[in-house]
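**Student:** Data: query12.txt, compact mmCIF, C-alpha atoms and all ligand atoms.
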# COMPACT_ATOMS: atom_id res chain seq x y z
CA MET S 806 169.27 -40.70 185.53
CA ASN S 807 165.93 -39.82 184.08
CA PRO S 808 162.86 -40.63 186.16
CA THR S 809 161.13 -42.72 183.47
CA PHE S 810 164.17 -44.98 183.26
CA LEU S 811 164.36 -45.26 187.05
CA ARG S 812 160.67 -46.14 187.25
CA SER S 813 160.88 -48.85 184.61
CA ARG S 814 164.03 -50.34 186.18
CA ARG S 815 162.28 -50.31 189.55
CA GLN S 816 159.22 -52.04 188.06
CA THR S 817 161.39 -54.80 186.55
CA LYS S 818 163.04 -55.37 189.93
CA LEU S 819 159.70 -55.36 191.78
CA THR S 820 158.41 -58.03 189.39
CA GLU S 821 161.55 -60.13 189.99
CA ALA S 822 161.20 -59.69 193.76
CA ALA S 823 157.52 -60.70 193.67
CA ALA S 824 158.41 -63.86 191.71
CA ALA S 825 161.10 -64.79 194.27
CA ILE S 826 158.61 -64.26 197.09
CA ARG S 827 155.95 -66.39 195.41
CA ALA S 828 158.50 -69.19 194.97
CA ALA S 829 159.50 -69.22 198.66
CA THR S 830 157.55 -70.49 201.66
CA ARG S 831 159.94 -69.56 204.50
CA ILE S 832 161.19 -66.00 204.44
CA VAL S 833 163.39 -64.02 206.84
CA LEU S 834 163.28 -60.21 206.85
CA ALA S 835 165.65 -57.81 208.59
CA CYS S 836 165.98 -54.06 208.94
CA HIS S 837 168.98 -51.83 209.74
CA LEU S 838 170.72 -51.04 213.03
CA ARG S 839 169.23 -48.29 215.23
CA PRO S 840 165.92 -48.73 213.42
CA ASP S 841 163.63 -45.82 212.59
CA ALA S 842 159.93 -45.92 211.70
CA ASP S 843 160.70 -46.56 208.02
CA ALA S 844 162.81 -49.60 208.90
CA LEU S 845 160.32 -51.04 211.41
CA GLY S 846 157.19 -50.02 209.50
CA SER S 847 158.56 -51.63 206.33
CA LEU S 848 159.57 -54.76 208.23
CA LEU S 849 156.13 -55.13 209.83
CA GLY S 850 154.11 -54.06 206.79
CA LEU S 851 155.88 -56.45 204.43
CA GLY S 852 155.84 -59.20 207.08
CA ALA S 853 152.06 -58.88 207.50
CA GLY S 854 151.56 -58.90 203.73
CA LEU S 855 153.67 -62.03 203.26
CA ARG S 856 151.74 -63.79 206.01
CA ARG S 857 148.54 -63.06 204.11
CA LEU S 858 150.13 -64.96 201.20
CA GLY S 859 150.56 -67.93 203.55
CA LYS S 860 154.32 -67.51 204.01
CA ALA S 861 156.14 -68.42 207.23
CA VAL S 862 157.84 -65.16 208.13
CA THR S 863 160.59 -64.27 210.62
CA LEU S 864 161.09 -60.56 211.40
CA VAL S 865 164.48 -59.42 212.67
CA SER S 866 165.57 -56.04 214.00
CA PRO S 867 169.17 -56.41 215.29
CA ASP S 868 168.68 -53.51 217.72
CA GLY S 869 165.16 -54.50 218.76
CA VAL S 870 162.21 -52.09 218.86
CA PRO S 871 162.80 -48.75 220.65
CA GLU S 872 160.05 -47.79 223.08
CA MET S 873 158.77 -44.95 220.86
CA TYR S 874 157.95 -47.34 218.00
CA ARG S 875 155.96 -49.79 220.09
CA PHE S 876 152.73 -48.33 218.74
CA LEU S 877 153.30 -50.15 215.45
CA PRO S 878 150.87 -53.05 215.18
CA GLY S 879 152.66 -56.39 215.52
CA TRP S 880 155.93 -55.02 216.94
CA GLU S 881 155.99 -57.84 219.55
CA GLN S 882 156.69 -60.32 216.73
CA ILE S 883 160.04 -58.72 215.98
CA VAL S 884 163.08 -60.61 217.30
CA PRO S 885 166.69 -59.35 217.66
CA GLY S 886 168.08 -62.47 215.96
CA ALA S 887 167.03 -65.94 214.82
CA VAL S 888 168.30 -69.38 213.86
CA GLY S 889 166.51 -71.61 211.40
CA ASP S 890 166.34 -72.23 207.71
CA TRP S 891 164.69 -70.10 205.12
CA GLU S 892 164.55 -69.96 201.35
CA LEU S 893 164.65 -66.21 200.98
CA GLY S 894 166.17 -63.30 202.87
CA ILE S 895 164.99 -59.69 202.54
CA GLY S 896 166.98 -56.70 203.81
CA LEU S 897 165.01 -53.48 204.34
CA ASP S 898 166.05 -49.81 204.32
CA ALA S 899 169.72 -50.78 204.75
CA ASP S 900 172.37 -48.75 202.95
CA GLY S 901 174.76 -51.70 202.46
CA SER S 902 174.45 -55.14 204.05
CA ASP S 903 176.72 -54.10 206.97
CA ARG S 904 173.90 -51.81 208.13
CA LEU S 905 172.00 -55.00 208.98
CA GLY S 906 174.44 -55.48 211.86
CA SER S 907 174.20 -58.89 213.48
CA ALA S 908 171.47 -59.82 210.93
CA GLU S 909 173.86 -59.33 207.97
CA SER S 910 175.19 -62.91 207.92
CA LEU S 911 171.66 -64.25 208.45
CA ILE S 912 170.28 -62.43 205.40
CA LEU S 913 173.30 -63.01 203.14
CA ALA S 914 173.30 -66.77 203.98
CA GLN S 915 169.91 -67.31 202.32
CA PRO S 916 169.72 -69.02 198.90
CA ARG S 917 168.13 -65.87 197.48
CA VAL S 918 168.43 -62.34 198.77
CA ILE S 919 166.30 -59.26 198.07
CA ASN S 920 167.54 -55.78 198.95
CA LEU S 921 164.72 -53.25 199.28
CA ASP S 922 166.06 -49.74 199.85
CA HIS S 923 166.01 -46.07 198.87
CA HIS S 924 169.45 -44.86 200.03
CA THR S 925 172.11 -43.38 197.76
CA GLY S 926 174.99 -45.51 199.08
CA PRO S 927 177.42 -47.21 196.71
CA ASP S 928 177.13 -50.53 198.48
CA PRO S 929 174.23 -52.60 197.12
CA TYR S 930 173.87 -56.28 197.94
CA GLY S 931 171.63 -59.25 197.12
CA ASP S 932 170.47 -61.12 194.02
CA ILE S 933 167.53 -58.80 193.46
CA GLN S 934 168.26 -55.17 194.21
CA VAL S 935 165.11 -53.10 194.41
CA VAL S 936 166.95 -49.86 195.11
CA ASP S 937 165.51 -46.51 194.08
CA SER S 938 167.01 -43.40 195.64
CA SER S 939 164.32 -41.21 194.05
CA ILE S 940 161.69 -42.69 196.33
CA ALA S 941 160.99 -41.12 199.73
CA ALA S 942 160.70 -44.18 201.95
CA THR S 943 161.34 -47.91 201.85
CA GLY S 944 157.71 -48.12 203.00
CA GLU S 945 156.70 -46.89 199.53
CA LEU S 946 158.68 -49.70 197.92
CA VAL S 947 156.96 -52.17 200.23
CA TYR S 948 153.58 -50.77 199.16
CA LEU S 949 154.52 -51.17 195.47
CA LEU S 950 155.82 -54.69 196.10
CA LEU S 951 152.57 -55.68 197.84
CA GLN S 952 150.69 -54.27 194.85
CA GLU S 953 152.82 -56.46 192.61
CA LEU S 954 151.83 -59.41 194.86
CA GLU S 955 148.18 -58.34 194.53
CA ILE S 956 147.82 -57.67 198.24
CA ALA S 957 145.68 -54.67 199.14
CA PRO S 958 146.82 -53.19 202.47
CA ASP S 959 144.59 -53.93 205.47
CA ALA S 960 144.43 -51.57 208.46
CA GLU S 961 147.50 -53.14 210.08
CA ILE S 962 149.71 -52.96 206.98
CA ALA S 963 148.48 -49.44 206.27
CA ALA S 964 149.35 -48.24 209.79
CA CYS S 965 152.89 -49.62 209.47
CA LEU S 966 153.50 -48.15 206.01
CA MET S 967 151.98 -44.79 206.96
CA ALA S 968 154.48 -44.60 209.82
CA ALA S 969 157.29 -45.36 207.36
CA VAL S 970 156.21 -42.79 204.77
CA LEU S 971 155.21 -40.03 207.19
CA THR S 972 158.50 -40.08 209.10
CA ASP S 973 160.90 -40.47 206.16
CA THR S 974 159.26 -37.50 204.44
CA GLY S 975 159.35 -35.39 207.64
CA CYS S 976 155.54 -35.37 207.63
CA PHE S 977 155.44 -34.77 203.87
CA ARG S 978 157.70 -31.69 204.13
CA PHE S 979 160.97 -32.95 202.62
CA SER S 980 161.77 -32.49 198.95
CA ASN S 981 161.65 -36.28 198.52
CA THR S 982 157.85 -36.08 198.86
CA THR S 983 156.43 -36.74 195.39
CA ALA S 984 152.96 -36.97 193.89
CA GLU S 985 153.42 -40.73 194.08
CA THR S 986 154.09 -40.43 197.83
CA PHE S 987 150.69 -38.77 198.25
CA ARG S 988 148.98 -41.36 196.04
CA ILE S 989 150.41 -44.11 198.23
CA ALA S 990 149.52 -42.19 201.42
CA ALA S 991 145.98 -41.74 200.08
CA ALA S 992 145.64 -45.50 199.57
CA LEU S 993 146.95 -46.10 203.10
CA ARG S 994 144.50 -43.54 204.51
CA GLU S 995 141.70 -45.29 202.63
CA ALA S 996 142.81 -48.57 204.22
CA GLY S 997 142.40 -47.01 207.66
CA ALA S 998 145.75 -45.41 208.57
CA THR S 999 145.73 -41.99 210.25
CA PRO S 1000 148.75 -39.68 209.91
CA GLY S 1001 147.82 -37.96 213.17
CA ALA S 1002 148.23 -41.16 215.16
CA VAL S 1003 151.76 -41.60 213.79
CA TYR S 1004 152.62 -37.96 214.45
CA ASP S 1005 151.40 -38.15 218.05
CA ALA S 1006 153.32 -41.34 218.73
CA VAL S 1007 156.62 -40.26 217.13
CA TYR S 1008 156.76 -36.46 217.52
CA GLY S 1009 153.90 -35.47 219.79
CA ARG S 1010 155.40 -36.38 223.16
CA ARG S 1011 158.64 -35.78 225.04
CA SER S 1012 159.70 -37.22 228.41
CA PHE S 1013 160.70 -34.86 231.22
CA GLY S 1014 164.33 -36.08 230.99
CA ALA S 1015 164.36 -35.41 227.24
CA THR S 1016 162.94 -31.93 227.89
CA LEU S 1017 165.81 -31.13 230.28
CA LEU S 1018 168.27 -32.50 227.75
CA LEU S 1019 166.77 -30.34 225.00
CA GLY S 1020 167.45 -27.36 227.25
CA ARG S 1021 171.14 -28.30 227.28
CA LEU S 1022 171.16 -28.71 223.51
CA LEU S 1023 169.77 -25.21 223.08
CA THR S 1024 172.20 -23.53 225.53
CA GLN S 1025 175.21 -25.31 223.96
CA VAL S 1026 174.38 -24.23 220.40
CA SER S 1027 177.06 -22.63 218.17
CA ARG S 1028 177.30 -21.40 214.60
CA THR S 1029 179.86 -20.29 212.04
CA GLU S 1030 180.52 -16.54 211.66
CA ASP S 1031 178.25 -16.43 208.61
CA GLY S 1032 175.56 -18.45 210.42
CA ARG S 1033 175.33 -21.04 207.66
CA VAL S 1034 176.40 -23.96 209.84
CA VAL S 1035 174.65 -24.46 213.17
CA TRP S 1036 175.59 -27.21 215.59
CA SER S 1037 175.21 -28.39 219.14
CA TRP S 1038 175.97 -31.39 221.28
CA VAL S 1039 175.06 -33.37 224.35
CA GLY S 1040 177.66 -35.30 226.33
CA ARG S 1041 177.43 -38.26 228.65
CA ALA S 1042 177.37 -35.92 231.65
CA ASP S 1043 174.30 -34.19 230.17
CA PHE S 1044 172.48 -37.50 229.81
CA GLU S 1045 173.30 -38.40 233.41
CA ALA S 1046 172.31 -35.02 234.86
CA CYS S 1047 168.98 -35.05 232.97
CA GLY S 1048 168.20 -38.72 233.54
CA ALA S 1049 167.79 -39.22 229.80
CA THR S 1050 168.76 -42.01 227.37
CA GLY S 1051 169.97 -41.95 223.75
CA GLU S 1052 166.41 -42.21 222.44
CA ALA S 1053 165.66 -38.83 224.05
CA THR S 1054 167.58 -37.03 221.29
CA GLU S 1055 165.15 -38.02 218.54
CA GLY S 1056 164.34 -34.85 216.59
CA PHE S 1057 167.02 -32.73 218.30
CA VAL S 1058 168.79 -32.00 215.02
CA ASP S 1059 165.60 -30.43 213.68
CA GLN S 1060 165.74 -27.87 216.51
CA LEU S 1061 169.05 -26.78 214.94
CA ARG S 1062 167.88 -27.00 211.34
CA ILE S 1063 165.19 -24.38 211.97
CA VAL S 1064 167.66 -21.71 213.14
CA GLU S 1065 167.42 -18.77 210.75
CA GLY S 1066 170.25 -18.70 208.20
CA ALA S 1067 171.29 -22.32 208.79
CA GLU S 1068 172.10 -24.23 205.62
CA VAL S 1069 173.49 -27.20 207.49
CA ALA S 1070 172.66 -28.35 211.01
CA VAL S 1071 174.78 -30.85 212.90
CA PHE S 1072 173.96 -32.59 216.15
CA PHE S 1073 176.63 -34.45 218.13
CA ARG S 1074 175.79 -37.01 220.75
CA GLU S 1075 178.38 -38.68 222.94
CA ALA S 1076 177.43 -42.38 223.12
CA THR S 1077 178.01 -44.62 226.14
CA HIS S 1078 181.13 -46.21 224.58
CA GLY S 1079 182.68 -42.77 224.12
CA ASP S 1080 182.24 -42.60 220.36
CA VAL S 1081 180.25 -39.74 218.88
CA ARG S 1082 177.04 -40.08 216.88
CA VAL S 1083 176.57 -37.33 214.33
CA SER S 1084 173.29 -36.30 212.65
CA LEU S 1085 173.44 -33.90 209.71
CA ARG S 1086 170.64 -31.98 208.02
CA SER S 1087 170.80 -29.72 204.99
CA ARG S 1088 168.46 -27.27 203.36
CA GLY S 1089 169.41 -28.95 200.08
CA ARG S 1090 172.41 -27.00 198.71
CA VAL S 1091 174.90 -29.19 200.59
CA ASN S 1092 174.85 -32.96 200.15
CA VAL S 1093 175.29 -34.07 203.77
CA ALA S 1094 175.36 -37.75 202.73
CA GLN S 1095 178.73 -36.95 201.10
CA VAL S 1096 179.98 -35.33 204.31
CA ALA S 1097 178.82 -38.32 206.35
CA ALA S 1098 180.53 -40.67 203.87
CA GLU S 1099 183.90 -39.03 204.68
CA PHE S 1100 183.43 -40.51 208.16
CA GLY S 1101 182.13 -43.89 207.04
CA GLY S 1102 178.45 -42.93 207.36
CA GLY S 1103 175.72 -42.35 204.81
CA GLY S 1104 172.17 -41.20 204.18
CA HIS S 1105 170.45 -38.86 201.77
CA VAL S 1106 171.21 -35.41 200.35
CA PRO S 1107 169.18 -33.56 203.05
CA ALA S 1108 169.66 -35.99 205.98
CA ALA S 1109 172.59 -38.19 206.91
CA GLY S 1110 174.54 -39.58 209.84
CA CYS S 1111 177.83 -41.11 210.89
CA THR S 1112 179.74 -42.29 213.95
CA VAL S 1113 183.15 -40.82 214.79
CA GLU S 1114 185.39 -42.79 217.13
CA GLU S 1115 187.07 -39.85 218.74
CA ALA S 1116 186.65 -37.62 221.77
CA LEU S 1117 183.76 -35.18 221.41
CA PRO S 1118 185.79 -31.95 220.89
CA SER S 1119 187.97 -33.37 218.09
CA ALA S 1120 185.02 -35.15 216.48
CA MET S 1121 183.15 -31.84 216.42
CA ASN S 1122 186.11 -29.99 214.91
CA ARG S 1123 186.64 -32.51 212.15
CA VAL S 1124 182.99 -32.80 211.14
CA ILE S 1125 182.36 -29.03 211.18
CA ASP S 1126 185.51 -28.59 209.07
CA ALA S 1127 184.19 -31.09 206.55
CA VAL S 1128 180.83 -29.29 206.45
CA ARG S 1129 182.56 -25.92 205.88
CA ARG S 1130 184.46 -27.45 202.95
CA ALA S 1131 181.19 -28.77 201.50
CA LEU S 1132 179.50 -25.35 201.46
CA PRO S 1133 178.87 -24.35 197.82
CA ASP S 1134 181.21 -21.34 197.73
CA ALA S 1135 183.78 -22.68 200.20
CA ALA S 1136 186.45 -22.55 197.50
CA ALA S 1137 185.70 -18.89 196.76
CA LEU S 1138 185.76 -18.03 200.48
CA ALA S 1139 189.16 -19.69 200.84
CA GLN S 1140 190.69 -17.21 198.34
CA PRO S 1141 192.85 -14.58 200.04
MN MN T 1201 164.23 -44.99 205.01
Starting from the file, give its structure as structure tokens.

**Tutor:**
Amino acid sequence: MNPTFLRSRRQTKLTEAAAAIRAATRIVLACHLRPDADALGSLLGLGAGLRRLGKAVTLVSPDGVPEMYRFLPGWEQIVPGAVGDWELGIGLDADGSDRLGSAESLILAQPRVINLDHHTGPDPYGDIQVVDSSIAATGELVYLLLQELEIAPDAEIAACLMAAVLTDTGCFRFSNTTAETFRIAAALREAGATPGAVYDAVYGRRSFGATLLLGRLLTQVSRTEDGRVVWSWVGRADFEACGATGEATEGFVDQLRIVEGAEVAVFFREATHGDVRVSLRSRGRVNVAQVAAEFGGGGHVPAAGCTVEEALPSAMNRVIDAVRRALPDAAALAQP
């Protein structure tokens, strides 16, 4: 779809969302499972903005706030679930309402529901769907919505939205980074947010256990004969031996993405229940969101994820097979 059309559709939806917010006094907001900085930053940034409008706001993250994101101002206000009554529910950064986990029924039960998201998934929900896959971060949509509500970001809101935008653009490196992204980032910087503080908190530190685990990732790395697909894994035994937790693997897939010749990088992590979490990254020629969708996951063209309920070796085989099939000239290579 052409960008002008997308922008005008987005503007219509933002106006509708702002009207619904103005009409409500009690509002519940929730972000997706296994939250990232875009989910939590959007939750906190929008929550702080709505409070400035005098709204009573409840902020829900079904999986809580991981240690690494506890630099976000106001994170202590986030609860894993809530009971009460509200007039409006807002889901953030969730590719389908099921991504809200235990907060799904809470959000969908509200008299009016806004869905604020930038994923490509085919599963929209809510009365007002502010969904624009051309935008880099849900945090940008929150910024635009606050503008619509005539709220200029203060230092707290700016810090939260900067975290959202900086991380979902890979520090402004990904192809989703637009001129508009920089205009929004400039406004956030003007309001007091510093990209360096976000970088230090999210990427600039690694625990000793995570460092040992990274060593395992690097020694267990493999690639296809042509080098176009690079993957590695860490199993439960690795976590135990290194004294590391699931959070330690943040950014691991990027260590695979930077291998020379890699078009697609895949990181497999054996979770405590025995299922396998898969992170996929692409240099852009392969749509890894489509690969992830084959396994019930989702994401964006360059970055996606899924969970495979199988033993690690068979999960790895199946996903790498699917990636091979998704390579642009896979059909030509298959010719005898
Ligand atoms: Mn996002």

**Student:** Show me, as a list in words, the residues that have an atom within 10 Å of S:Leu855 when counting only C-alpha atoms, minus same-chain residues fewer than 6 positions from it.

**Tutor:**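 The contact residues come out as Ile826, Arg827, Thr830, Arg831, Ile832, Leu849, Ala861, Val862, Leu951, Leu954 and Ile956 of chain S.
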
**Student:** Would you mind listing, for every residue of chain S within 6 Å of ligand MN 1201 (chain T), the two atoms forming the shortest contact and the distance between them in Å to one decimal, using all atoms listed in the file, sorted by chain and ascending residue number, as a tab-separated table?

**Tutor:**
residue	atom	partner	partner_atom	distance
S:Asp843	CA	T:MN1201	MN	4.9
S:Asp898	CA	T:MN1201	MN	5.2
S:Ala942	CA	T:MN1201	MN	4.7
S:Thr943	CA	T:MN1201	MN	5.2
S:Asp973	CA	T:MN1201	MN	5.7

**Student:** Give me, please, the distance in Å between atom CA of S:Ala963 and atom CA of S:Arg988, quoted to one decimal.

**Tutor:**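 Answer for the atom CA of S:Ala963 to atom CA of S:Arg988 separation: 13.0 Å.
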
**Student:** In Å, with one decimal, what is the gap from atom CA of S:Leu1022 to atom CA of S:Arg1082?

**Tutor:**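 Atom CA of S:Arg1082 lies at a distance of 14.4 Å from atom CA of S:Leu1022.
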
**Student:** For atom CA of S:Pro878 and atom CA of S:Glu961, quote the distance in Å rounded to one decimal.

**Tutor:** 6.1 Å

**Student:** Using only C-alpha atoms for the distances, tell me which of S:Asp1043, S:Glu945, S:Glu909, S:Glu1030 is nearest to S:Leu921.

**Tutor:**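 Going through S:Asp1043, S:Glu945, S:Glu909, S:Glu1030 one by one, the smallest distance to S:Leu921 is for S:Glu945.
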
**Student:** Excluding S:Glu1065 and any residue of its chain fewer than 5 positions from it, enumerate the residues within 12 Å of it, using only C-alpha atoms, and give them as a VMD selection string.

**Tutor:** chain S and resid 1028 1031 to 1035 1060 1070 1088

**Student:** Identify which of the residues S:Gly854, S:Gly1048, S:Pro808, S:Gly931 lies closest to S:Ser1012, counting only C-alpha atoms when measuring atom-to-atom distances.

**Tutor:**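 When distances to S:Ser1012 are compared using only C-alpha atoms, the smallest one comes from S:Gly1048.
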
**Student:** Can you tell me, as a PyMOL selection string, what residues are no more than 9 Å from S:Thr925 when counting all atoms listed in the file, ignoring any on the same chain fewer than 3 positions away?

**Tutor:** chain S and resi 900+928+936-939+1094+1103-1106

**Student:** Check the smallest atom-to-atom distance from each of S:Thr863, S:Ser902, S:Ser907, S:Thr1029 to S:Gly1066 using all atoms listed in the file, then report the winner.

**Tutor:**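 Looking only at the distances to S:Gly1066, the closest residue turns out to be S:Thr1029.
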
**Student:** Could you give me, as a ChimeraX atom specification, the residues that sit within 9 Å of (180.7, -46.5, 206.6) in the file's coordinates, counting only C-alpha atoms?

**Tutor:** /S:901,903-904,1097-1103,1111-1112

**Student:** At a cut-off of 12 Å, using only C-alpha atoms, what residues contact S:Val947? Leave out same-chain residues fewer than 4 positions from it and give the result as an MDAnalysis selection string.

**Tutor:** chainID S and resid 819 822:823 843:855 895:898 919:923 935:937 940:943 951:954 956:958 962:963 965:967 969:970 989

**Student:** Anything within 12 Å of (169.2, -72.3, 206.0): list those residues as an MDAnalysis selection string, counting only C-alpha atoms and sticking to the file's coordinates.

**Tutor:** chainID S and resid 831:833 887:894 910:917

**Student:** Can you tell me, as lines of an AutoDock Vina configuration file, the centre and edge lengths (Å, one decimal) of the axis-aligned box enclosing all of stretch 1066-1083 of chain S's listed atoms after padding each side by 8 Å?

**Tutor:**
center_x = 176.5
center_y = -32.5
center_z = 215.9
size_x = 28.4
size_y = 43.5
size_z = 36.5

**Student:** Counting all atoms listed in the file, which residue out of S:Arg1041, S:His837, S:Arg1086, S:Arg994 sits closest to S:Leu1018?

**Tutor:**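 Smallest distance to S:Leu1018 is found for S:Arg1041.
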
**Student:** For the interface of stretch 1059-1112 of chain S with stretch 1120-1135 of chain S (cut-off 9 Å, counting all atoms listed in the file), please tabulate each contacting residue of stretch 1059-1112 of chain S alongside its nearest pair of atoms and their separation in Å to one decimal, rows sorted by chain and increasing number, as CSV.

**Tutor:**
residue,atom,partner,partner_atom,distance
S:Glu1068,CA,S:Leu1132,CA,8.6
S:Val1069,CA,S:Val1128,CA,7.7
S:Val1071,CA,S:Ile1125,CA,8.0
S:Phe1073,CA,S:Met1121,CA,7.2
S:Asp1080,CA,S:Ala1120,CA,8.8
S:Val1081,CA,S:Ala1120,CA,7.0
S:Val1083,CA,S:Val1124,CA,8.5
S:Arg1090,CA,S:Pro1133,CA,7.0
S:Val1091,CA,S:Leu1132,CA,6.1
S:Asn1092,CA,S:Ala1131,CA,7.7
S:Val1093,CA,S:Val1128,CA,7.8
S:Gln1095,CA,S:Ala1131,CA,8.6
S:Val1096,CA,S:Ala1127,CA,6.4
S:Ala1097,CA,S:Val1124,CA,8.4
S:Glu1099,CA,S:Ala1127,CA,8.2
S:Phe1100,CA,S:Val1124,CA,8.3

**Student:** Select from stretch 913-1027 of chain S every residue with an atom at most 12 Å from any atom of stretch 866-874 of chain S, then for each give the shortest pair of atoms and their distance in Å to one decimal, using all atoms listed in the file, rows by chain and rising number, as CSV.

**Tutor:**
residue,atom,partner,partner_atom,distance
S:Ala964,CA,S:Tyr874,CA,11.9
S:Cys965,CA,S:Tyr874,CA,10.2
S:Ala968,CA,S:Tyr874,CA,9.3
S:Ala969,CA,S:Tyr874,CA,10.8
S:Thr972,CA,S:Tyr874,CA,11.5
S:Ala1002,CA,S:Tyr874,CA,11.9
S:Val1003,CA,S:Tyr874,CA,9.4
S:Tyr1004,CA,S:Met873,CA,11.3
S:Asp1005,CA,S:Met873,CA,10.4
S:Ala1006,CA,S:Met873,CA,6.9
S:Val1007,CA,S:Met873,CA,6.4
S:Tyr1008,CA,S:Met873,CA,9.3
S:Gly1009,CA,S:Met873,CA,10.7
S:Arg1010,CA,S:Met873,CA,9.5
S:Arg1011,CA,S:Met873,CA,10.1
S:Ser1012,CA,S:Met873,CA,10.8
